[in-house]
Amino acid sequence: MRAKRLTAQQALELWKKFYAAYGPEQMKASYGEEDPPTKIKENRRVWAFSDGDDVIGWGSSQIDLNDAEDEEAYLFVGVFPQFQGRGYHMKIVDWMAAKAKRDGAKWASMAVLKSNAAHYQRTLKHAENGPWVFAGEFWFPHPGEGYFLLPLNDEAKAMRVTYVEKQQV
């Protein structure tokens, strides 16, 4: 699997194709938006992932590399429908987390919409055994989302162990 950093124009074009592949109903359930974005959010970087000649998906990270106190990289990932079920999602997430660590992040995080029920349940199950931590749920706006954290350095990993131990009491 190869990663290529995209310009804003390339990212928006890829997202148009991604949204067209899934349709507005699924995009609303999975990403909370029926239409593809029209601009890249500040401090967000986007990569396309390919296997051979095929673009299989994308990943993006939002962290302010100019702010020494910004310790959390927000990760967003998508895999095209024809490549689902082959483990690409976790490979992209792992690559994005490693990149966030190299960029100096202490944590990587993901929010998973509860309306994307199958993905939400898989992510919960994946967090049960670590290294990701289920950090809670937000119920507004409807339908809410789960929030997941991945510790990227020794300090954050120690905090994860303490958090998990407290949850088991």
# chains A, B, ... in the order shown; residues from 1 in each chain; ligands from 1
>>> residues_around(residues="range 116-122 of chain A", least_positions_apart="6", cutoff="12 Å", atoms="only C-alpha atoms", output="list in words")
Glu25, Gln26, Met27, Lys28, Ala29, Ser30, Tyr31, Gly32, Val77, Gly78, Gln84, Gly85, His89, Met90, Met110, Glu128, Asn129, Phe134, Glu137, Pro143, Gly144, Glu145, Gly146, Tyr147 and Phe148 of chain A
>>> closest_residue(among="A:Arg5, A:Ala97, A:Leu124, A:Asn153", to="Ser50 in chain A", atoms="only C-alpha atoms")
A:Arg5
>>> closest_residue(among="A:Trp47, A:Gly52, A:Asp64, A:Lys125", to="Val93 in chain A", atoms="only C-alpha atoms")
A:Trp47
>>> select_by_dssp(residues="range 75-116 of chain A", states="alpha helix (DSSP H)", output="list in words")
Tyr88, His89, Met90, Lys91, Ile92, Val93, Asp94, Trp95, Met96, Ala97, Ala98, Lys99, Ala100, Lys101 and Arg102 of chain A
>>> write_last_selection(atoms="C-alpha atoms", output="mmCIF file, in the first residue's frame")
data_model
loop_
_atom_site.group_PDB
_atom_site.id
_atom_site.type_symbol
_atom_site.label_atom_id
_atom_site.label_comp_id
_atom_site.auth_asym_id
_atom_site.auth_seq_id
_atom_site.Cartn_x
_atom_site.Cartn_y
_atom_site.Cartn_z
ATOM 1 C CA TYR A 88 -7.458 -1.569 4.313
ATOM 2 C CA HIS A 89 -9.282 0.615 6.841
ATOM 3 C CA MET A 90 -7.061 -0.505 9.722
ATOM 4 C CA LYS A 91 -3.933 -0.327 7.550
ATOM 5 C CA ILE A 92 -4.731 3.299 6.714
ATOM 6 C CA VAL A 93 -5.547 4.085 10.365
ATOM 7 C CA ASP A 94 -2.260 2.509 11.468
ATOM 8 C CA TRP A 95 -0.317 4.490 8.849
ATOM 9 C CA MET A 96 -2.071 7.715 9.868
ATOM 10 C CA ALA A 97 -1.356 7.077 13.576
ATOM 11 C CA ALA A 98 2.330 6.417 12.862
ATOM 12 C CA LYS A 99 2.475 9.649 10.842
ATOM 13 C CA ALA A 100 0.820 11.552 13.704
ATOM 14 C CA LYS A 101 3.415 10.169 16.106
ATOM 15 C CA ARG A 102 6.246 11.277 13.798
#
